[in-house]
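Working notes for the structure below.
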Amino acid sequence: VPLAGVLGWPIAHSRSPLLHGHWLQRYDLPGHYIPLPVRPENLLEVLRGLTKMGFVGANVTIPHKETVLQIADIVTDRAALIGAANTLIFREDGKIHADNTDGYGFISNLTQNAPDWQATRGAAAVIGAGGAARAVVASLLESGVPELRITNRTKLRAEQIKAEFGAKVVVYDWAQAGNMLEGATTVVNATSMGMTGKLPLRIPLDALSPDALVTDLVYTPLMTDLLKEAQSRGCKVVDGLGMLLHQAVPGFERWFGRRPEVDEDLRQAVL
Ligand code: ATR
C-alpha cells in the first residue's frame with residue numbers, strides 16, 4: 001500500500017490530508033496520506049527514514065519548503081528558480097526528487113474558473129514577493145505574460161525577483177502600487193495579508209480595469225476584501241482555494257497512479 005504525507009511544523013492546520021484522503025476514498029484506491037509533524041532539525045533524518053518505510057513521496061510545507069532543496073538529490077529547474085519545493089517523489093533507487101507545483105496550481109485554478117483568461121493578453125500585477133509570489137511569477141512568465149509588474153512592502157525582495165526572473169519584471173514602489181493596476185489584465189494578491197479580510201494597505205483600486213481577472217492566494221475567507229471590491233468593479237474574480245487543490249494533483253497522480261479531478265465535491269470536503 002503506497003504511503004504519502006505532508007511534513008510541516010506545525011502541521012495540524014494543513015488541509016492536504018483531507019484533500020488526498022478525499023481522492024483516495026473517491027477513487028477507491030489503496031493508500032494512505034497522513035500529517036507528519038517534523039521539527040526543522042529532524043527533517044533530513046525523517047526524509048531518509050520515510051524512503052525506507054513504504055513512503056512513495058510527500059508534500060512539504062512551512063518551514064521546510066526551502067531547506068528541502070538542500071536535502072533532495074534531484075531538484076527540478078522550476079523548484080530551483082522558485083527557491084522552494086512542495087512535492088517530493090521518493091524514487092525506487094532511493095533518490096529524493098523535489099518539485100514545485102504551486103505555479104501549476106495557480107495557473108490551473110485560473111484556467112478552470114476563468115476559461116477565457118489568457119496570460120498573454122496583457123500585463124500582470126503581482127502584490128507580494130514572498131515564497132508564494134515567486135511561484136506565481138515563475139508560472140505567469142512561463143505562460144507568456146508580456147510584462148510582470150510587482151510590488152512589495154520590502155522592496156528589496158521584489159528587486160531580487162527582477163534580478164532572478166529577468167527583463168519582463170518591472171518593480172513598483174509600494175507607495176505607488178495603485179499605478180501598476182493601470183492596464184493590467186491579471187491582478188494577484190500573493191501576500192499573506194488578507195487573512196483578516198483587509199485589503200492590502202494603501203493599494204487603491206481606482207486604476208483597476210473591469211476587464212482584469214483578479215485573484216487572491218488567501219482563501220480564508222474565500223471572498224477577501226480585494227475580491228469583493230474587484231467584483232463590484234465588474235472584474236472576474238477567482239478565489240485562492242482552487243490553487244491549493246490543483247497544486248496537489250501532480251503529487252497524487254505520481255504517488256497513487258490516478259490523475260484526480262478538482263471539482264465542487266472536493267472544495268466542499270476541504271472547506
Ligand atoms: P509566503 O510563503 O506565504 O509567500 P512569505 O515568504 O513570508 O510567505 O511572504 C509573505 C508576503 O506577504 C511578503 O510579500 C510580505 O511582505 P514583506 O516581504 O515586506 O514581508 C507580505 N506581507 C506580510 N504581512 C504584510 C503586511 N502586514 N503588510 C504588507 N505586506 C505583508
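Residues in the C-alpha cells are numbered from 1 in each chain, the chains being A, B, ... in the order shown, and ligands are numbered from 1 in the order shown.
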
I need the residues of segment 170-269 of chain A that end up classed as alpha helix (DSSP H) by DSSP on the backbone, written out as an MDAnalysis selection string.
chainID A and resid 225:232 241:247 249:256 264:269

What does the file look like for those residues with N, CA and C atoms, as a PDB file, in the first residue's frame?
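Output file part36.pdb follows:
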ATOM      1  N   ASP A 225     -11.526  40.971   0.889  1.00  0.00           N
ATOM      2  CA  ASP A 225     -11.977  42.326   0.548  1.00  0.00           C
ATOM      3  C   ASP A 225     -11.504  42.724  -0.848  1.00  0.00           C
ATOM      4  N   LEU A 226     -10.302  42.282  -1.206  1.00  0.00           N
ATOM      5  CA  LEU A 226      -9.803  42.583  -2.555  1.00  0.00           C
ATOM      6  C   LEU A 226     -10.748  42.009  -3.615  1.00  0.00           C
ATOM      7  N   LEU A 227     -11.155  40.750  -3.443  1.00  0.00           N
ATOM      8  CA  LEU A 227     -12.025  40.111  -4.429  1.00  0.00           C
ATOM      9  C   LEU A 227     -13.407  40.764  -4.441  1.00  0.00           C
ATOM     10  N   LYS A 228     -13.916  41.095  -3.261  1.00  0.00           N
ATOM     11  CA  LYS A 228     -15.233  41.738  -3.190  1.00  0.00           C
ATOM     12  C   LYS A 228     -15.226  43.063  -3.934  1.00  0.00           C
ATOM     13  N   GLU A 229     -14.175  43.845  -3.651  1.00  0.00           N
ATOM     14  CA  GLU A 229     -14.110  45.172  -4.273  1.00  0.00           C
ATOM     15  C   GLU A 229     -13.913  45.044  -5.788  1.00  0.00           C
ATOM     16  N   ALA A 230     -13.074  44.098  -6.204  1.00  0.00           N
ATOM     17  CA  ALA A 230     -12.835  43.902  -7.637  1.00  0.00           C
ATOM     18  C   ALA A 230     -14.118  43.455  -8.328  1.00  0.00           C
ATOM     19  N   GLN A 231     -14.863  42.585  -7.673  1.00  0.00           N
ATOM     20  CA  GLN A 231     -16.117  42.099  -8.254  1.00  0.00           C
ATOM     21  C   GLN A 231     -17.120  43.242  -8.411  1.00  0.00           C
ATOM     22  N   SER A 232     -17.146  44.129  -7.419  1.00  0.00           N
ATOM     23  CA  SER A 232     -18.082  45.250  -7.508  1.00  0.00           C
ATOM     24  C   SER A 232     -17.686  46.220  -8.619  1.00  0.00           C
ATOM     25  N   LEU A 241      -8.676  29.091  -3.041  1.00  0.00           N
ATOM     26  CA  LEU A 241      -8.763  27.685  -2.612  1.00  0.00           C
ATOM     27  C   LEU A 241      -8.388  26.732  -3.751  1.00  0.00           C
ATOM     28  N   GLY A 242      -8.792  27.079  -4.956  1.00  0.00           N
ATOM     29  CA  GLY A 242      -8.509  26.216  -6.105  1.00  0.00           C
ATOM     30  C   GLY A 242      -7.025  25.991  -6.337  1.00  0.00           C
ATOM     31  N   MET A 243      -6.197  26.977  -6.002  1.00  0.00           N
ATOM     32  CA  MET A 243      -4.746  26.799  -6.177  1.00  0.00           C
ATOM     33  C   MET A 243      -4.242  25.687  -5.266  1.00  0.00           C
ATOM     34  N   LEU A 244      -4.755  25.684  -4.029  1.00  0.00           N
ATOM     35  CA  LEU A 244      -4.380  24.624  -3.078  1.00  0.00           C
ATOM     36  C   LEU A 244      -4.794  23.247  -3.613  1.00  0.00           C
ATOM     37  N   LEU A 245      -5.992  23.187  -4.177  1.00  0.00           N
ATOM     38  CA  LEU A 245      -6.497  21.909  -4.678  1.00  0.00           C
ATOM     39  C   LEU A 245      -5.693  21.440  -5.894  1.00  0.00           C
ATOM     40  N   HIS A 246      -5.455  22.351  -6.819  1.00  0.00           N
ATOM     41  CA  HIS A 246      -4.756  21.971  -8.054  1.00  0.00           C
ATOM     42  C   HIS A 246      -3.276  21.646  -7.826  1.00  0.00           C
ATOM     43  N   GLN A 247      -2.624  22.322  -6.864  1.00  0.00           N
ATOM     44  CA  GLN A 247      -1.197  22.039  -6.662  1.00  0.00           C
ATOM     45  C   GLN A 247      -0.997  20.601  -6.174  1.00  0.00           C
ATOM     46  N   VAL A 249      -2.559  17.943  -7.375  1.00  0.00           N
ATOM     47  CA  VAL A 249      -2.848  16.967  -8.439  1.00  0.00           C
ATOM     48  C   VAL A 249      -1.614  16.186  -8.904  1.00  0.00           C
ATOM     49  N   PRO A 250      -0.511  16.866  -9.269  1.00  0.00           N
ATOM     50  CA  PRO A 250       0.631  16.097  -9.794  1.00  0.00           C
ATOM     51  C   PRO A 250       1.198  15.088  -8.786  1.00  0.00           C
ATOM     52  N   GLY A 251       1.252  15.457  -7.520  1.00  0.00           N
ATOM     53  CA  GLY A 251       1.759  14.550  -6.497  1.00  0.00           C
ATOM     54  C   GLY A 251       0.864  13.330  -6.360  1.00  0.00           C
ATOM     55  N   PHE A 252      -0.443  13.570  -6.236  1.00  0.00           N
ATOM     56  CA  PHE A 252      -1.389  12.453  -6.087  1.00  0.00           C
ATOM     57  C   PHE A 252      -1.258  11.495  -7.257  1.00  0.00           C
ATOM     58  N   GLU A 253      -1.181  12.040  -8.458  1.00  0.00           N
ATOM     59  CA  GLU A 253      -1.089  11.184  -9.653  1.00  0.00           C
ATOM     60  C   GLU A 253       0.171  10.308  -9.609  1.00  0.00           C
ATOM     61  N   ARG A 254       1.304  10.921  -9.250  1.00  0.00           N
ATOM     62  CA  ARG A 254       2.553  10.156  -9.192  1.00  0.00           C
ATOM     63  C   ARG A 254       2.520   9.073  -8.117  1.00  0.00           C
ATOM     64  N   TRP A 255       1.996   9.423  -6.944  1.00  0.00           N
ATOM     65  CA  TRP A 255       2.047   8.501  -5.805  1.00  0.00           C
ATOM     66  C   TRP A 255       1.019   7.389  -5.900  1.00  0.00           C
ATOM     67  N   PHE A 256      -0.194   7.741  -6.333  1.00  0.00           N
ATOM     68  CA  PHE A 256      -1.299   6.781  -6.240  1.00  0.00           C
ATOM     69  C   PHE A 256      -1.798   6.306  -7.605  1.00  0.00           C
ATOM     70  N   GLU A 264     -16.391  20.620  -7.332  1.00  0.00           N
ATOM     71  CA  GLU A 264     -17.109  21.206  -6.206  1.00  0.00           C
ATOM     72  C   GLU A 264     -17.127  20.258  -4.994  1.00  0.00           C
ATOM     73  N   ASP A 265     -17.242  18.956  -5.225  1.00  0.00           N
ATOM     74  CA  ASP A 265     -17.232  17.995  -4.113  1.00  0.00           C
ATOM     75  C   ASP A 265     -15.946  18.113  -3.313  1.00  0.00           C
ATOM     76  N   LEU A 266     -14.834  18.244  -4.031  1.00  0.00           N
ATOM     77  CA  LEU A 266     -13.545  18.361  -3.359  1.00  0.00           C
ATOM     78  C   LEU A 266     -13.478  19.665  -2.560  1.00  0.00           C
ATOM     79  N   ARG A 267     -13.934  20.745  -3.172  1.00  0.00           N
ATOM     80  CA  ARG A 267     -13.940  22.030  -2.455  1.00  0.00           C
ATOM     81  C   ARG A 267     -14.713  21.906  -1.143  1.00  0.00           C
ATOM     82  N   GLN A 268     -15.872  21.296  -1.211  1.00  0.00           N
ATOM     83  CA  GLN A 268     -16.699  21.148   0.000  1.00  0.00           C
ATOM     84  C   GLN A 268     -15.990  20.279   1.035  1.00  0.00           C
ATOM     85  N   ALA A 269     -15.286  19.246   0.574  1.00  0.00           N
ATOM     86  CA  ALA A 269     -14.609  18.338   1.500  1.00  0.00           C
ATOM     87  C   ALA A 269     -13.475  19.042   2.238  1.00  0.00           C
TER      88      ALA A 269
END

With the cut-off set at 6 Å and counting only C-alpha atoms, tabulate each residue of segment 40-128 of chain A with an atom at most that distance from an atom of segment 134-151 of chain A, showing the nearest atom pair and its distance in Å to one decimal, ordered by chain and increasing number, as CSV.
residue,atom,partner,partner_atom,distance
A:Ile82,CA,A:Arg134,CA,5.5
A:Asp102,CA,A:Ala135,CA,5.9
A:Gly103,CA,A:Ser139,CA,4.8
A:Ala119,CA,A:Val145,CA,4.9
A:Thr120,CA,A:Val145,CA,4.6
A:Ala123,CA,A:Glu147,CA,4.7
A:Ala124,CA,A:Leu148,CA,5.0
A:Ala125,CA,A:Arg149,CA,4.6
A:Val126,CA,A:Ile150,CA,4.7
A:Ile127,CA,A:Thr151,CA,5.2
A:Gly128,CA,A:Thr151,CA,6.0

Residues of chain A at most 12 Å from ligand 1: nearest atom pair and distance in Å, only C-alpha atoms and all ligand atoms, as CSV:
residue,atom,partner,partner_atom_place_in_ligand_line,distance
A:Thr61,CA,ligand 1,2 (O),9.2
A:Ile62,CA,ligand 1,2 (O),7.8
A:Pro63,CA,ligand 1,2 (O),9.3
A:His64,CA,ligand 1,2 (O),10.8
A:Lys65,CA,ligand 1,2 (O),8.8
A:Glu66,CA,ligand 1,2 (O),9.8
A:Ile82,CA,ligand 1,2 (O),10.9
A:Gly83,CA,ligand 1,6 (O),10.7
A:Ala84,CA,ligand 1,2 (O),9.3
A:Ala85,CA,ligand 1,2 (O),11.1
A:Asn86,CA,ligand 1,2 (O),11.1
A:Asp102,CA,ligand 1,2 (O),10.6
A:Val126,CA,ligand 1,14 (O),9.7
A:Ile127,CA,ligand 1,14 (O),7.1
A:Gly128,CA,ligand 1,14 (O),3.5
A:Ala129,CA,ligand 1,14 (O),4.1
A:Gly130,CA,ligand 1,6 (O),3.3
A:Gly131,CA,ligand 1,4 (O),3.9
A:Ala132,CA,ligand 1,4 (O),3.8
A:Ala133,CA,ligand 1,4 (O),5.6
A:Arg134,CA,ligand 1,4 (O),7.7
A:Ala135,CA,ligand 1,4 (O),8.9
A:Val136,CA,ligand 1,4 (O),9.8
A:Val137,CA,ligand 1,4 (O),11.5
A:Ile150,CA,ligand 1,14 (O),10.0
A:Thr151,CA,ligand 1,14 (O),8.4
A:Asn152,CA,ligand 1,14 (O),5.5
A:Arg153,CA,ligand 1,19 (O),3.9
A:Thr154,CA,ligand 1,19 (O),3.7
A:Lys155,CA,ligand 1,19 (O),7.1
A:Leu156,CA,ligand 1,18 (O),8.2
A:Arg157,CA,ligand 1,18 (O),6.1
A:Ala158,CA,ligand 1,18 (O),8.1
A:Glu159,CA,ligand 1,18 (O),11.0
A:Gln160,CA,ligand 1,18 (O),11.0
A:Ile161,CA,ligand 1,14 (O),11.3
A:Asp173,CA,ligand 1,19 (O),11.7
A:Trp174,CA,ligand 1,29 (C),8.9
A:Ala175,CA,ligand 1,29 (C),11.1
A:Ala177,CA,ligand 1,29 (C),11.6
A:Val188,CA,ligand 1,14 (O),11.7
A:Asn189,CA,ligand 1,12 (O),9.0
A:Ala190,CA,ligand 1,4 (O),6.5
A:Thr191,CA,ligand 1,12 (O),3.4
A:Ser192,CA,ligand 1,12 (O),4.3
A:Met193,CA,ligand 1,24 (N),5.2
A:Gly194,CA,ligand 1,24 (N),8.9
A:Met195,CA,ligand 1,24 (N),9.7
A:Thr196,CA,ligand 1,27 (N),10.4
A:Lys198,CA,ligand 1,27 (N),10.0
A:Leu199,CA,ligand 1,28 (N),9.9
A:Pro200,CA,ligand 1,29 (C),6.7
A:Leu201,CA,ligand 1,28 (N),6.7
A:Arg202,CA,ligand 1,29 (C),9.5
A:Ile203,CA,ligand 1,29 (C),10.4
A:Asp216,CA,ligand 1,3 (O),11.6
A:Leu217,CA,ligand 1,3 (O),8.6
A:Val218,CA,ligand 1,3 (O),8.9
A:Tyr219,CA,ligand 1,3 (O),11.9

Please save C-alpha atoms of the selected residues as a PDB file, in the first residue's frame.
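For reference, again-v1.pdb as written:
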ATOM      1  CA  THR A  61       5.093  22.878   3.871  1.00  0.00           C
ATOM      2  CA  ILE A  62       6.242  25.625   6.230  1.00  0.00           C
ATOM      3  CA  PRO A  63       9.024  25.703   7.434  1.00  0.00           C
ATOM      4  CA  HIS A  64      10.596  23.037   5.163  1.00  0.00           C
ATOM      5  CA  LYS A  65       9.874  24.270   1.634  1.00  0.00           C
ATOM      6  CA  GLU A  66      13.247  25.985   1.176  1.00  0.00           C
ATOM      7  CA  ILE A  82      11.458  29.489  -7.172  1.00  0.00           C
ATOM      8  CA  GLY A  83      13.812  28.525  -4.334  1.00  0.00           C
ATOM      9  CA  ALA A  84      11.298  26.165  -2.740  1.00  0.00           C
ATOM     10  CA  ALA A  85       9.710  22.740  -3.252  1.00  0.00           C
ATOM     11  CA  ASN A  86       6.339  21.402  -2.135  1.00  0.00           C
ATOM     12  CA  ASP A 102       2.403  25.831  -6.738  1.00  0.00           C
ATOM     13  CA  VAL A 126       1.560  40.841  -8.503  1.00  0.00           C
ATOM     14  CA  ILE A 127       1.327  42.167  -4.944  1.00  0.00           C
ATOM     15  CA  GLY A 128       3.892  40.487  -2.701  1.00  0.00           C
ATOM     16  CA  ALA A 129       7.336  38.969  -3.189  1.00  0.00           C
ATOM     17  CA  GLY A 130       7.492  36.043  -0.747  1.00  0.00           C
ATOM     18  CA  GLY A 131       7.723  32.337  -1.485  1.00  0.00           C
ATOM     19  CA  ALA A 132       4.202  32.059  -2.862  1.00  0.00           C
ATOM     20  CA  ALA A 133       4.717  35.120  -5.066  1.00  0.00           C
ATOM     21  CA  ARG A 134       7.862  33.577  -6.577  1.00  0.00           C
ATOM     22  CA  ALA A 135       5.888  30.535  -7.730  1.00  0.00           C
ATOM     23  CA  VAL A 136       3.182  32.790  -9.192  1.00  0.00           C
ATOM     24  CA  VAL A 137       5.763  34.927 -11.008  1.00  0.00           C
ATOM     25  CA  ILE A 150       5.462  43.516  -8.900  1.00  0.00           C
ATOM     26  CA  THR A 151       5.315  45.467  -5.658  1.00  0.00           C
ATOM     27  CA  ASN A 152       6.230  44.514  -2.114  1.00  0.00           C
ATOM     28  CA  ARG A 153       6.365  46.224   1.259  1.00  0.00           C
ATOM     29  CA  THR A 154      10.044  45.244   1.409  1.00  0.00           C
ATOM     30  CA  LYS A 155      11.190  46.479  -1.997  1.00  0.00           C
ATOM     31  CA  LEU A 156      14.463  44.524  -1.945  1.00  0.00           C
ATOM     32  CA  ARG A 157      12.591  41.226  -2.263  1.00  0.00           C
ATOM     33  CA  ALA A 158      10.791  42.485  -5.389  1.00  0.00           C
ATOM     34  CA  GLU A 159      14.134  43.660  -6.809  1.00  0.00           C
ATOM     35  CA  GLN A 160      15.622  40.221  -6.157  1.00  0.00           C
ATOM     36  CA  ILE A 161      12.786  38.689  -8.170  1.00  0.00           C
ATOM     37  CA  ASP A 173       7.191  51.256  -5.218  1.00  0.00           C
ATOM     38  CA  TRP A 174       4.832  50.047  -2.505  1.00  0.00           C
ATOM     39  CA  ALA A 175       3.605  53.612  -2.052  1.00  0.00           C
ATOM     40  CA  ALA A 177       1.306  50.238  -6.016  1.00  0.00           C
ATOM     41  CA  VAL A 188      -2.812  38.759  -7.955  1.00  0.00           C
ATOM     42  CA  ASN A 189      -2.576  39.277  -4.212  1.00  0.00           C
ATOM     43  CA  ALA A 190       0.292  36.988  -3.223  1.00  0.00           C
ATOM     44  CA  THR A 191       0.897  38.482   0.220  1.00  0.00           C
ATOM     45  CA  SER A 192      -0.198  36.687   3.347  1.00  0.00           C
ATOM     46  CA  MET A 193      -2.328  39.727   4.160  1.00  0.00           C
ATOM     47  CA  GLY A 194      -5.995  39.317   3.718  1.00  0.00           C
ATOM     48  CA  MET A 195      -6.271  36.621   6.381  1.00  0.00           C
ATOM     49  CA  THR A 196      -8.199  39.271   8.266  1.00  0.00           C
ATOM     50  CA  LYS A 198      -8.477  43.509   4.901  1.00  0.00           C
ATOM     51  CA  LEU A 199      -7.347  44.971   1.600  1.00  0.00           C
ATOM     52  CA  PRO A 200      -3.596  45.240   1.099  1.00  0.00           C
ATOM     53  CA  LEU A 201      -2.933  48.514   2.814  1.00  0.00           C
ATOM     54  CA  ARG A 202      -2.674  51.633   0.702  1.00  0.00           C
ATOM     55  CA  ILE A 203      -3.388  49.957  -2.614  1.00  0.00           C
ATOM     56  CA  ASP A 216      -6.105  36.194  -4.203  1.00  0.00           C
ATOM     57  CA  LEU A 217      -3.908  33.440  -2.800  1.00  0.00           C
ATOM     58  CA  VAL A 218      -5.607  33.936   0.558  1.00  0.00           C
ATOM     59  CA  TYR A 219      -8.628  31.612   0.879  1.00  0.00           C
TER      60      TYR A 219
END

Write out as JSON lines the residues of segment 75-116 of chain A that have any atom within 10 Å of an atom of segment 31-53 of chain A, one row each with the nearest atom pair and its distance in Å to one decimal, counting only C-alpha atoms, sorted by chain and then rising number.
{"residue": "A:Leu88", "atom": "CA", "partner": "A:Leu47", "partner_atom": "CA", "distance": 9.8}
{"residue": "A:Ile89", "atom": "CA", "partner": "A:Thr51", "partner_atom": "CA", "distance": 9.4}
{"residue": "A:Phe90", "atom": "CA", "partner": "A:Thr51", "partner_atom": "CA", "distance": 6.0}
{"residue": "A:Arg91", "atom": "CA", "partner": "A:Thr51", "partner_atom": "CA", "distance": 8.2}
{"residue": "A:Glu92", "atom": "CA", "partner": "A:Thr51", "partner_atom": "CA", "distance": 8.9}
{"residue": "A:Asp93", "atom": "CA", "partner": "A:Thr51", "partner_atom": "CA", "distance": 9.7}
{"residue": "A:Gly94", "atom": "CA", "partner": "A:Thr51", "partner_atom": "CA", "distance": 6.5}
{"residue": "A:Lys95", "atom": "CA", "partner": "A:Thr51", "partner_atom": "CA", "distance": 8.4}
{"residue": "A:Ile96", "atom": "CA", "partner": "A:Thr51", "partner_atom": "CA", "distance": 8.1}

How would the residues just picked look written out with N, CA and C atoms as a short mmCIF file (atom, residue, chain, number, x, y, z; two decimals), in the first residue's frame?
data_model
loop_
_atom_site.label_atom_id
_atom_site.label_comp_id
_atom_site.auth_asym_id
_atom_site.auth_seq_id
_atom_site.Cartn_x
_atom_site.Cartn_y
_atom_site.Cartn_z
N LEU A 88 7.52 16.01 -3.17
CA LEU A 88 8.67 15.11 -3.25
C LEU A 88 8.23 13.75 -3.77
N ILE A 89 9.08 13.19 -4.63
CA ILE A 89 8.86 11.82 -5.09
C ILE A 89 10.05 11.00 -4.61
N PHE A 90 9.76 9.91 -3.91
CA PHE A 90 10.83 9.01 -3.45
C PHE A 90 10.99 7.93 -4.52
N ARG A 91 12.10 7.99 -5.23
CA ARG A 91 12.29 7.07 -6.35
C ARG A 91 12.71 5.68 -5.87
N GLU A 92 12.51 4.72 -6.76
CA GLU A 92 12.85 3.32 -6.40
C GLU A 92 14.31 3.17 -6.02
N ASP A 93 15.17 3.98 -6.65
CA ASP A 93 16.61 3.88 -6.35
C ASP A 93 16.98 4.63 -5.07
N GLY A 94 15.99 5.11 -4.32
CA GLY A 94 16.26 5.76 -3.04
C GLY A 94 16.48 7.26 -3.15
N LYS A 95 16.52 7.77 -4.38
CA LYS A 95 16.76 9.21 -4.54
C LYS A 95 15.48 10.02 -4.31
N ILE A 96 15.67 11.20 -3.74
CA ILE A 96 14.54 12.10 -3.50
C ILE A 96 14.50 13.18 -4.58
#

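Atom CA of Ile107 of chain A is positioned 26.9 Å from atom CA of Gln70 of chain A.
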